[in-house]
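Novice: Mind having a look at this structure? Questions to follow.
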Amino acid sequence: MNFLSECKTIAVLTSGGDAPGMNSAIRAVVRFAIAKGIRPLGVRRGFNGLIHRDIFEMSIRTVSDIVARGGTILYTARSPEFAAEGGPEKAAERCREVKIDGVVVIGGDGSIKGAKKLNDSGIPCVCLPGTIDNDIACSEYSIGFDTAINTATTMIDKIRDTAQSHDRCSVIEVMGRRCGNIAVQTGVASGATAILVPEYSFDFEKDVIERLFFTQKIGKRHFIIVVSEGLVHVDKMTKEITARTGIDSRATILGHVQRGGSPTARDRIVASEMGCHAVEVLSEGNGGKVIAIKNNKTVDIKIEEAITAEKPFDMKLYKKALQISI
Ligand code: F6P
């Protein structure tokens, strides 16, 4: 079927954890669709909104003033109802009732898997990778990552000031959900003495205690340790560091601050480009795609490929970080 000749309505939704830049993507989808003569609809709270028909008309003005706003004006959710048996079919049925011919899904890994199920149920879907974790295997980059690492780095800079004043060791937990990308990049950017990530099986004695002693011996007086969430109990580890080394230590969990805030220029630009590309793909009659960054270019790839690919961890950068942060 030629999508453009037969259909004129696409819906956009955000799903899973929010990420800065999602609003820029929504804006691009809506305005690019209108420019192509396609009617854009907004769906609130992800796949939940499809199932419950929480769907509304969007216009050029409903996306005014959002390019620089964090969060998502469409709200977001993780939907157990959609994930349950029969959920995707129910959502597809609602789409047909409301005459939605294609859906742009903005979200992470789980959202892409959800989009595949909706696509398999007969509603063409195109996904934009949107997650601060940058763990979508098929794309070098996902919307929100740059803002998150900049926020985390700014926070760690502030912690460094006080760690330096007191000759302390600061242990900082960053987000990432089983993926060390945020940790390694913020670790490099903030000159962390040690970085603990799930991709490297660390030894507390060698990678933390010995490193602290070694860098202390060559003149270091304050220390930053960046830890990816879920790896260790940071409070307990911090106490252990004080007990073992005598260095006064404090723990900070950065938490959801990393998910909020105005998106960086990079996130706004990538989101805008991906949003337009998604509409382009749908308007050409091609569902079942993920918009990705490959070799710094915006491309579209098959959703099946996207969910089976494996994301390599930047071990070279990780090793370099440790060589220079002494
Ligand atoms: O996937 C984004 C993310 O922020 C992860 O880094 C983190 O593990 C998770 O979401 C936290 O989810 P929630 O919003 O449910 O606390």
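Each chain in the structure tokens gets a letter, A, B and so on, in the order shown; residues start at 1 in every chain, and ligands are counted from 1 in the order they appear.
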Please provide the set of residues having any atom within 8 Å of range 72-82 of chain A, restricted to only C-alpha atoms, with same-chain residues fewer than 5 positions apart removed, written as a PDB file with N, CA and C atoms, in the first residue's frame.

Specialist:
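Once everything was written out, this is selection_0.pdb:
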```
ATOM      1  N   LEU A  13       3.594   9.054  20.438  1.00  0.00           N
ATOM      2  CA  LEU A  13       3.535   8.797  21.881  1.00  0.00           C
ATOM      3  C   LEU A  13       4.946   8.647  22.450  1.00  0.00           C
ATOM      4  N   THR A  14       5.063   8.910  23.751  1.00  0.00           N
ATOM      5  CA  THR A  14       6.336   8.675  24.445  1.00  0.00           C
ATOM      6  C   THR A  14       6.101   7.579  25.479  1.00  0.00           C
ATOM      7  N   SER A  15       7.088   6.716  25.632  1.00  0.00           N
ATOM      8  CA  SER A  15       6.884   5.538  26.468  1.00  0.00           C
ATOM      9  C   SER A  15       8.154   5.228  27.271  1.00  0.00           C
ATOM     10  N   GLY A  16       7.987   4.564  28.418  1.00  0.00           N
ATOM     11  CA  GLY A  16       9.135   4.235  29.268  1.00  0.00           C
ATOM     12  C   GLY A  16       9.605   5.461  30.040  1.00  0.00           C
ATOM     13  N   GLY A  17      10.874   5.469  30.431  1.00  0.00           N
ATOM     14  CA  GLY A  17      11.408   6.617  31.175  1.00  0.00           C
ATOM     15  C   GLY A  17      11.503   7.837  30.271  1.00  0.00           C
ATOM     16  N   ASP A  18      11.166   9.014  30.795  1.00  0.00           N
ATOM     17  CA  ASP A  18      11.279  10.213  29.955  1.00  0.00           C
ATOM     18  C   ASP A  18      12.750  10.535  29.714  1.00  0.00           C
ATOM     19  N   ALA A  19      13.005  11.353  28.710  1.00  0.00           N
ATOM     20  CA  ALA A  19      14.387  11.754  28.400  1.00  0.00           C
ATOM     21  C   ALA A  19      14.345  13.173  27.826  1.00  0.00           C
ATOM     22  N   PRO A  20      15.292  14.021  28.234  1.00  0.00           N
ATOM     23  CA  PRO A  20      15.294  15.388  27.700  1.00  0.00           C
ATOM     24  C   PRO A  20      15.506  15.373  26.183  1.00  0.00           C
ATOM     25  N   MET A  22      12.720  14.653  24.264  1.00  0.00           N
ATOM     26  CA  MET A  22      11.497  14.018  23.750  1.00  0.00           C
ATOM     27  C   MET A  22      10.543  15.080  23.206  1.00  0.00           C
ATOM     28  N   ASN A  23      10.457  16.219  23.902  1.00  0.00           N
ATOM     29  CA  ASN A  23       9.562  17.284  23.430  1.00  0.00           C
ATOM     30  C   ASN A  23      10.009  17.838  22.074  1.00  0.00           C
ATOM     31  N   GLY A  42      -1.861  13.243  19.220  1.00  0.00           N
ATOM     32  CA  GLY A  42      -1.003  12.961  20.369  1.00  0.00           C
ATOM     33  C   GLY A  42      -1.664  11.891  21.227  1.00  0.00           C
ATOM     34  N   VAL A  43      -0.835  10.988  21.773  1.00  0.00           N
ATOM     35  CA  VAL A  43      -1.358   9.932  22.653  1.00  0.00           C
ATOM     36  C   VAL A  43      -0.731  10.135  24.022  1.00  0.00           C
ATOM     37  N   ARG A  44      -1.562  10.219  25.054  1.00  0.00           N
ATOM     38  CA  ARG A  44      -1.007  10.443  26.396  1.00  0.00           C
ATOM     39  C   ARG A  44      -0.629   9.130  27.076  1.00  0.00           C
ATOM     40  N   ARG A  45       0.469   9.205  27.833  1.00  0.00           N
ATOM     41  CA  ARG A  45       0.955   8.106  28.686  1.00  0.00           C
ATOM     42  C   ARG A  45       1.218   6.801  27.929  1.00  0.00           C
ATOM     43  N   GLY A  46       1.927   6.949  26.829  1.00  0.00           N
ATOM     44  CA  GLY A  46       2.431   5.782  26.097  1.00  0.00           C
ATOM     45  C   GLY A  46       1.347   4.866  25.560  1.00  0.00           C
ATOM     46  N   PHE A  47       1.653   3.566  25.568  1.00  0.00           N
ATOM     47  CA  PHE A  47       0.721   2.583  24.998  1.00  0.00           C
ATOM     48  C   PHE A  47      -0.601   2.542  25.781  1.00  0.00           C
ATOM     49  N   ASN A  48      -0.543   2.948  27.065  1.00  0.00           N
ATOM     50  CA  ASN A  48      -1.777   3.050  27.867  1.00  0.00           C
ATOM     51  C   ASN A  48      -2.802   3.935  27.190  1.00  0.00           C
ATOM     52  N   ILE A  51      -4.606   2.205  24.363  1.00  0.00           N
ATOM     53  CA  ILE A  51      -5.618   1.253  24.834  1.00  0.00           C
ATOM     54  C   ILE A  51      -6.865   1.978  25.354  1.00  0.00           C
ATOM     55  N   GLY A  87      -2.713  -7.344  24.712  1.00  0.00           N
ATOM     56  CA  GLY A  87      -2.544  -5.885  24.821  1.00  0.00           C
ATOM     57  C   GLY A  87      -2.277  -5.206  23.470  1.00  0.00           C
ATOM     58  N   PRO A  88      -1.278  -5.684  22.717  1.00  0.00           N
ATOM     59  CA  PRO A  88      -0.979  -5.045  21.430  1.00  0.00           C
ATOM     60  C   PRO A  88      -2.168  -5.097  20.464  1.00  0.00           C
ATOM     61  N   ALA A  91      -4.632  -2.494  21.472  1.00  0.00           N
ATOM     62  CA  ALA A  91      -4.152  -1.159  21.074  1.00  0.00           C
ATOM     63  C   ALA A  91      -4.322  -0.956  19.568  1.00  0.00           C
ATOM     64  N   GLY A 114       7.748  -3.016  22.343  1.00  0.00           N
ATOM     65  CA  GLY A 114       6.294  -2.806  22.320  1.00  0.00           C
ATOM     66  C   GLY A 114       5.840  -2.373  20.930  1.00  0.00           C
TER      67      GLY A 114
END
```

Novice: Please return as a PyMOL selection string the residues found within 12 Å of ligand 1, counting only C-alpha atoms and all ligand atoms.

Specialist: chain A and resi 15-20+71+76-79+107-111+129-136+142-145+148-149+173-183+228-231+254-260

Novice: Would you compute the distance between CA of Cys138 in chain A and CA of Leu322 in chain A? Give it in Å to one decimal.

Specialist: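 Going from CA of Cys138 in chain A over to CA of Leu322 in chain A, I get 27.6 Å.
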
Novice: Pick from A:Gly122, A:Gly275, A:Gly102, A:Pro198: nearest to Glu89 in chain A, with only C-alpha atoms counted?

Specialist: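 Of A:Gly122, A:Gly275, A:Gly102, A:Pro198, the one nearest Glu89 in chain A is A:Gly122, counting only C-alpha atoms.
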
Novice: Measuring atom to atom with only C-alpha atoms, identify which of A:Val103, A:Ala92, A:Val63, A:Ala25 is nearest to Gly285 in chain A.

Specialist: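 The answer is A:Val103, which sits nearest to Gly285 in chain A.
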
Novice: Using DSSP on the backbone coordinates, identify the residues of range 123-182 of chain A assigned to helix (DSSP H, G or I); present them as a ChimeraX atom specification.

Specialist: /A:145-166,181-182

Novice: Given the choices A:Phe223, A:Tyr200, A:Thr308, A:Gly187, which gets closest to Asp161 in chain A if the distance is worked out from only C-alpha atoms?

Specialist: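 Counting only C-alpha atoms, the residue closest to Asp161 in chain A is A:Phe223.
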
Novice: Identify which of the residues A:Lys236, A:Arg266, A:Cys276, A:Pro312 lies closest to Glu199 in chain A, counting only C-alpha atoms when measuring atom-to-atom distances.

Specialist: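 Of all the options, A:Pro312 lies closest to Glu199 in chain A.
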
Novice: Taking 4 positions as the minimum chain separation for residues in the same chain, which residues sit within 10 Å of Ile291 in chain A when counting only C-alpha atoms? Answer as a PyMOL selection string.

Specialist: chain A and resi 126-129+138-139+142+273-275+277-278+281+298-303+306

Novice: Hey, which of A:Gly288, A:Cys169, A:Leu41, A:Asp314 ends up closest to Leu118 in chain A? Count only C-alpha atoms.

Specialist: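 That would be A:Gly288, the residue with the smallest distance to Leu118 in chain A.
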
Novice: Would you please work out which residue, of A:Ala35, A:Pro263, A:Asn150, A:Gly191, is nearest to Ala321 in chain A when using only C-alpha atoms?

Specialist: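 Checking each candidate against Ala321 in chain A, we get A:Gly191 as the closest.
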
Novice: Can you check which residues of range 102-303 of chain A DSSP gives as strand (DSSP E) on the backbone and send them as a ChimeraX atom specification?

Specialist: /A:102-107,125-129,169-174,194-196,223-228,249-253,289-294,297-302

Novice: Give me, please, the distance in Å between CA of Arg69 in chain A and CA of Gly261 in chain A, quoted to one decimal.

Specialist: 7.0 Å

Novice: Mind giving me the straight-line distance from CA of Val227 in chain A to CA of Leu196 in chain A in Å, one decimal?

Specialist: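 Taking CA of Val227 in chain A and CA of Leu196 in chain A, their separation equals 4.7 Å.
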
Novice: For Ile241 in chain A, please output as a ChimeraX atom specification all residues within 12 Å (counting only C-alpha atoms; exclusion window: fewer than 3 positions along the same chain).

Specialist: /A:168-171,204-205,207-213,223,225,234-238,244-251

Novice: Give me the residues within 9 Å of Glu57 in chain A as a VMD selection string, counting only C-alpha atoms and dropping any in the same chain fewer than 2 places off.

Specialist: chain A and resid 39 to 42 55 59 62

Novice: Can those selected residues be exported to a file as an mmCIF file, in the first residue's frame so that it contains N, CA and C atoms?

Specialist:
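As written to disk, part_23.cif reads:
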```
data_model
loop_
_atom_site.group_PDB
_atom_site.id
_atom_site.type_symbol
_atom_site.label_atom_id
_atom_site.label_comp_id
_atom_site.auth_asym_id
_atom_site.auth_seq_id
_atom_site.Cartn_x
_atom_site.Cartn_y
_atom_site.Cartn_z
ATOM 1 N N ARG A 39 -2.312 14.413 9.208
ATOM 2 C CA ARG A 39 -2.935 14.885 10.451
ATOM 3 C C ARG A 39 -2.241 14.228 11.656
ATOM 4 N N PRO A 40 -1.673 15.040 12.568
ATOM 5 C CA PRO A 40 -0.997 14.441 13.727
ATOM 6 C C PRO A 40 -1.891 14.353 14.969
ATOM 7 N N LEU A 41 -1.833 13.227 15.646
ATOM 8 C CA LEU A 41 -2.557 13.059 16.907
ATOM 9 C C LEU A 41 -1.549 12.789 18.017
ATOM 10 N N GLY A 42 -1.861 13.243 19.220
ATOM 11 C CA GLY A 42 -1.003 12.961 20.369
ATOM 12 C C GLY A 42 -1.664 11.891 21.227
ATOM 13 N N ILE A 55 -6.400 10.188 23.417
ATOM 14 C CA ILE A 55 -5.785 10.642 22.165
ATOM 15 C C ILE A 55 -6.377 12.005 21.808
ATOM 16 N N SER A 59 -1.659 20.337 16.779
ATOM 17 C CA SER A 59 -1.563 21.361 15.737
ATOM 18 C C SER A 59 -0.203 22.039 15.860
ATOM 19 N N THR A 62 0.047 23.469 19.349
ATOM 20 C CA THR A 62 0.099 22.616 20.562
ATOM 21 C C THR A 62 1.541 22.231 20.894
#
```
